[in-house]
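K.L.:
First the structure, which I've put down as structure tokens, then a few questions once you've had a look.
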Amino acid sequence: MPAAELLFEIGTEEIPAGFLARAIAELPALAQARLAAARLEHGEIAALGAPRRLTLSVKGLAERQADISETVTGPPASAAFDKEGKPTKAAIGFAAKIGVPVEALTTVEVAGPKGKAAYVAARREQPGAPTRSLLPALLADLLRAIPWKKSMRWAGLEESFVRPVHWIVAIYGGEVVPLAAYGVKSGRETRGHRFLAPDPIALDGTLAGYQAALRQAFVLVDPAVRRTEIEAELARVQREAGVQVKGDPELLAEVVNLVEYPKAVVGSFDDRHLEIPPEVIVSAMRGHQRYFATERDGKLASRFVTIAGTLTRDLEVVRLGNQKVLASRLADARFFFDEDRKTSLEAKAEKLAGIAFIKGLGTMQDKVGRIAGFAPLFPMVDEAKLRRAAALCKADLPSKVVGEFPDLQGVMGSHYARLEGEDESVAAAVLEHYLPRGAADRLPAGDLGAALGIADRMDTLAGCFKLGLVPTGSNDPYGLRRAALAVLNILADRDWHVSLVRLAIFAAERVGGADVAPLLEFMSTRLRGILVDGRGLAADCVDAALTARFDDVPDAVARATAVAHLRERPDFEPLGIAFKRVANILKGATVAGEPDPTRFAAAEASLWNRFLGVRSEVERLLGQRSYDAALRELTSIKPNIDTFFDEVLVMDPDPSVRDNRLRLLGSIANTFIRIADFRQLAVK
């Protein structure tokens with residue numbers, strides 16, 4: 001079927017960087033779904049975008065829909081025709097729906113749960129419509145489907161979009177697709193850079209031509225190209241200014257979608273500002289101005305880099321303007337820092353009584369008290385230091401610097417603690433208890449920060465679960481998924497065998513009582529995700545380990561890993577079947593104690609003796625949490641298990657014989673379950 005290229009662009013006022021990044025990421029899938037629903041075959045789909053535009057390209061888009069030729073089954077024949085053979089309303093309605101006369105209906109036999117039955121059917125032949133006739137509605141629907149976080153209305157229009165729309169380009173096969181939306185009619189003219197090339201630019205409808213035309217008009221429409229250009233500009237100024245640009249992937253990703261034609265400009269600030277903590281300077285640069293900080297010899301330098309979105313005849317004007325803005329911000333930051341130094345952290349901590357935590361969970365001072373109470377649950381940490389760190393961990397929230405730069409909570413508390421002579425581990429914990437702040441962030445380096453971070457998050461989790469503030473879908477306003485992942489990752493990273501159940505019960509009691517079962521299930525689900533999605537372990541191996549128990553996080557990780565290693569063996573399938581048969585036959589059975597060997601038949605005695613031969617070594621290995629080695633020992637009894645099931649009827653009619661055999665299997669299963677519930681394994 002002949003095909004052509006579709007180019008679709010919507011031009012707007014400047015779109016926020018975060019909004020644009022998400023739209024570019026999701027647009028191809030949105031377009032794919034609509035093209036598939038319209039039965040339109042196509043080639044590569046690409047989405048591009050810059051602050052003033054969002055663009056879709058579809059290569060090889062078929063000129064017509066695929067034809068439909070199918071037999072459609074309708075209602076049962078008994079309902080479609082009366083006793084005299086005349087069509088009923090059911091038959092007439094079905095024929096009308098398919099678009100055929102009633103006389104064209106036929107009868108077919110369809111197999112069902114009760115055997116074959118007669119149904120009416122019709123042959124539907126529907127030629128595909130021309131793509132040009134479908135595109136206006138399809139593209140209009142695509143625009144409405146873009147998931148903007150916020151939209152707006154303007155000029156009295158009822159339609160809303162992320163920003164006011166100024167032009168629409170819609171070209172298919174070189175011809176304009178007629179489309180009217182947001183008070184604008186489509187055409188073949190785009191716009192270049194707002195200041196450097198504002199005149200309309202006629203397009204040929206190809207993606208290559210579009211990109212080339214915009215580059216000539218000082219717009220790099222491909223985010224990947226802009227990123228490469230920004231990185232090249234940063235490398236250039238590094239060479240010229242003799243500094244190292246401080247790595248900042250998040251800022252780089254944002255700046256990519258803030259400019260259409262990047263140009264780096266180096267500025268400077270007064271060296272005296274370097275006396276304040278470097279994090280304050282960096283936050284002042286990036287938070288409001290989107291400047292890149294620089295370093296020299298590993299220390300913050302009094303230079304910064306801004307990425308301008310245009311070329312200018314006099315870069316000095318740009319440089320001086322940016323320096324003036326930053327100088328004002330740094331002067332404010334220095335004033336706030338000096339004011340904060342006039343009162344101690346303890347004095348600031350007293351103000352936490354006036355800061356609400358979450359409605360129903362008291363103040364931040366209440367939270368700090370609850371966190372400190374966790375100290376006895378972490379015997380590997382100095383209790384007095386942990387209580388001291390807890391008392392100070394939120395004390396910087398009322399500070400003036402954190403009030404101005406909220407991203408520095410914990411950072412400033414740590415600095416103030418050091419300046420006031422606090423123990424280094426306590427000062428470090430004030431910052432590190434917030435770590436990790438996100439998926440890519442580092443974990444706490446010290447034990448105090450790790451323990452404090454676990455206590456802080458468990459308190460939040462228990463409190464929110466008590467209030468019913470449980471995440472639903474993508475909605476997680478209190479970051480509970482992130483909090484749970486942090487707790488689990490910290491416990492695993494530090495190899496701390498601290499009971500999750502005990503932590504949850506303690507946290508629930510401190511917030512006034514809460515059902516811990518949903519919270520523990522929530523934690524178990526997050527741990528499963530870490531192991532399956534994060535570490536790539538087979539889902540059934542993880543389920544087998546966690547179903548056995550998950551209370552001890554590093555232990556659960558080790559057991560799941562051991563079972564996953566077992567799966568890698570070439571003889572895993574028969575091993576898994578053997579272990580699973582032992583566990584399955586005990587399902588629902590109540591057995592206690594060890595079997596009576598004097599009542600064994602030959603196969604029973606062989607299995608029991610082989611098991612006794614490895615049990616002491618397995619017990620020793622389990623005590624050392626050497627689960628790989630323990631499983632290797634247990635696999636040696638596999639031939640005896642097979643012989644047992646081949647020769648022995650476990651569920652013997654004689655209750656005493658049956659119970660003795662169940663006790664035999666129960667003794668073996670009780671050893672298996674210390675590693676995993678092998679009933680969860682997916683084996684044939």
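The way I read the labels, and the way they are meant: chains A, B, ... in the order of the structure tokens, residue 1 as the first residue of every chain, and ligand 1 as the first ligand shown, with later ones counted on from there.
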Per DSSP on the backbone, filter segment 327-544 of chain A down to the residues in helix (DSSP H, G or I) and report them as a count of residues only.
P.N.:
144
K.L.:
List as an MDAnalysis selection string the protein and nucleic acid residues near Pro262 of chain A, meaning an atom at most 12 Å away when only C-alpha atoms are counted, but skip any in the same chain fewer than 5 places from it.
P.N.:
chainID A and resid 50 193 215 218:221 223 225:234 252 255:257 305:312
K.L.:
Which residue is closest to Leu662 of chain A? Choose from A:Asp423, A:Glu254, A:Glu604, A:Glu404 and count only C-alpha atoms.
P.N.:
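Using only C-alpha atoms, the shortest distance to Leu662 of chain A belongs to A:Glu604.
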K.L.:
Can you list, as a list in words, every protein, DNA or RNA residue that comes within 12 Å of Ser328 of chain A when you count only C-alpha atoms, leaving out same-chain residues fewer than 3 positions away?
P.N.:
Phe269, Asp270, His273, Ile281, Ala284, Met285, His288, Gln289, Gly321, Asn322, Gln323, Lys324, Val325, Ala331, Asp332, Ala333, Arg334 and Phe335 of chain A
K.L.:
Once you have the residues from the selection above, write them out as an mmCIF file, in the first residue's frame, restricted to N, CA and C atoms.
P.N.:
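Output saved as part_20.cif:
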```cif
data_model
loop_
_atom_site.group_PDB
_atom_site.id
_atom_site.type_symbol
_atom_site.label_atom_id
_atom_site.label_comp_id
_atom_site.auth_asym_id
_atom_site.auth_seq_id
_atom_site.Cartn_x
_atom_site.Cartn_y
_atom_site.Cartn_z
ATOM 1 N N PHE A 269 31.231 35.777 40.621
ATOM 2 C CA PHE A 269 30.678 36.457 41.788
ATOM 3 C C PHE A 269 31.811 36.718 42.778
ATOM 4 N N ASP A 270 31.542 37.528 43.757
ATOM 5 C CA ASP A 270 32.537 37.943 44.735
ATOM 6 C C ASP A 270 33.068 36.734 45.512
ATOM 7 N N HIS A 273 31.784 35.456 49.017
ATOM 8 C CA HIS A 273 30.609 34.603 49.207
ATOM 9 C C HIS A 273 30.990 33.133 49.392
ATOM 10 N N ILE A 281 25.359 28.292 47.890
ATOM 11 C CA ILE A 281 25.692 28.991 46.643
ATOM 12 C C ILE A 281 25.134 28.229 45.446
ATOM 13 N N ALA A 284 21.399 28.598 45.257
ATOM 14 C CA ALA A 284 21.026 29.926 44.764
ATOM 15 C C ALA A 284 21.208 30.018 43.254
ATOM 16 N N MET A 285 22.231 29.349 42.742
ATOM 17 C CA MET A 285 22.483 29.375 41.297
ATOM 18 C C MET A 285 21.430 28.600 40.516
ATOM 19 N N HIS A 288 16.892 29.139 41.111
ATOM 20 C CA HIS A 288 16.142 30.232 40.498
ATOM 21 C C HIS A 288 16.685 30.616 39.126
ATOM 22 N N GLN A 289 18.000 30.560 38.974
ATOM 23 C CA GLN A 289 18.600 31.086 37.753
ATOM 24 C C GLN A 289 19.011 30.006 36.759
ATOM 25 N N GLY A 321 24.340 41.109 33.394
ATOM 26 C CA GLY A 321 22.970 40.972 33.886
ATOM 27 C C GLY A 321 22.809 39.766 34.787
ATOM 28 N N ASN A 322 23.400 38.647 34.376
ATOM 29 C CA ASN A 322 23.318 37.441 35.197
ATOM 30 C C ASN A 322 24.105 37.585 36.498
ATOM 31 N N GLN A 323 25.266 38.247 36.420
ATOM 32 C CA GLN A 323 26.058 38.465 37.630
ATOM 33 C C GLN A 323 25.310 39.334 38.629
ATOM 34 N N LYS A 324 24.603 40.326 38.134
ATOM 35 C CA LYS A 324 23.860 41.221 39.015
ATOM 36 C C LYS A 324 22.754 40.464 39.747
ATOM 37 N N VAL A 325 22.041 39.616 39.005
ATOM 38 C CA VAL A 325 20.965 38.838 39.616
ATOM 39 C C VAL A 325 21.519 37.895 40.678
ATOM 40 N N ALA A 331 23.801 37.692 48.251
ATOM 41 C CA ALA A 331 23.776 38.620 49.380
ATOM 42 C C ALA A 331 22.662 38.232 50.350
ATOM 43 N N ASP A 332 21.510 37.871 49.808
ATOM 44 C CA ASP A 332 20.406 37.412 50.662
ATOM 45 C C ASP A 332 20.799 36.140 51.404
ATOM 46 N N ALA A 333 21.410 35.197 50.676
ATOM 47 C CA ALA A 333 21.792 33.928 51.289
ATOM 48 C C ALA A 333 22.795 34.149 52.416
ATOM 49 N N ARG A 334 23.741 35.046 52.196
ATOM 50 C CA ARG A 334 24.741 35.329 53.239
ATOM 51 C C ARG A 334 24.080 35.944 54.468
ATOM 52 N N PHE A 335 23.130 36.836 54.232
ATOM 53 C CA PHE A 335 22.406 37.458 55.351
ATOM 54 C C PHE A 335 21.646 36.399 56.142
#
```
K.L.:
Show which residues sit within 7 Å of Gln680 of chain A, as an NGL selection string. Count only C-alpha atoms, and ignore same-chain residues fewer than 6 positions away.
P.N.:
:A and (540 or 543-544)
K.L.:
Export, as a short mmCIF file (atom, residue, chain, number, x, y, z; two decimals), in the first residue's frame, the selected residues with C-alpha atoms.
P.N.:
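So the final result, stored in result-v2.cif, reads:
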```cif
data_model
loop_
_atom_site.label_atom_id
_atom_site.label_comp_id
_atom_site.auth_asym_id
_atom_site.auth_seq_id
_atom_site.Cartn_x
_atom_site.Cartn_y
_atom_site.Cartn_z
CA ASP A 540 8.85 -17.06 41.27
CA ASP A 543 7.96 -15.11 45.73
CA ALA A 544 9.23 -18.40 47.15
#
```
K.L.:
Quick one, how far is atom CA of Ala121 of chain A from atom CA of Thr73 of chain A?
P.N.:
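So the answer is 4.3 Å.
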K.L.:
Within 7 Å of Leu607 of chain A, counting only C-alpha atoms, which residues show up once you throw out same-chain ones fewer than 3 positions away? Write them as a ChimeraX atom specification, please.
P.N.:
/A:603-604,610-611,640-641,644
K.L.:
When you count only C-alpha atoms, which of these residues is closest to Glu568 of chain A: A:Asp67, A:Asp533, A:Asp628, A:Glu240?
P.N.:
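The shortest atom-to-atom distance to Glu568 of chain A comes from A:Asp628.
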K.L.:
Report the distance between atom CA of Ala77 of chain A and atom CA of Tyr119 of chain A in Å, rounded to one decimal place.
P.N.:
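Straight-line distance from atom CA of Ala77 of chain A to atom CA of Tyr119 of chain A works out to 4.6 Å.
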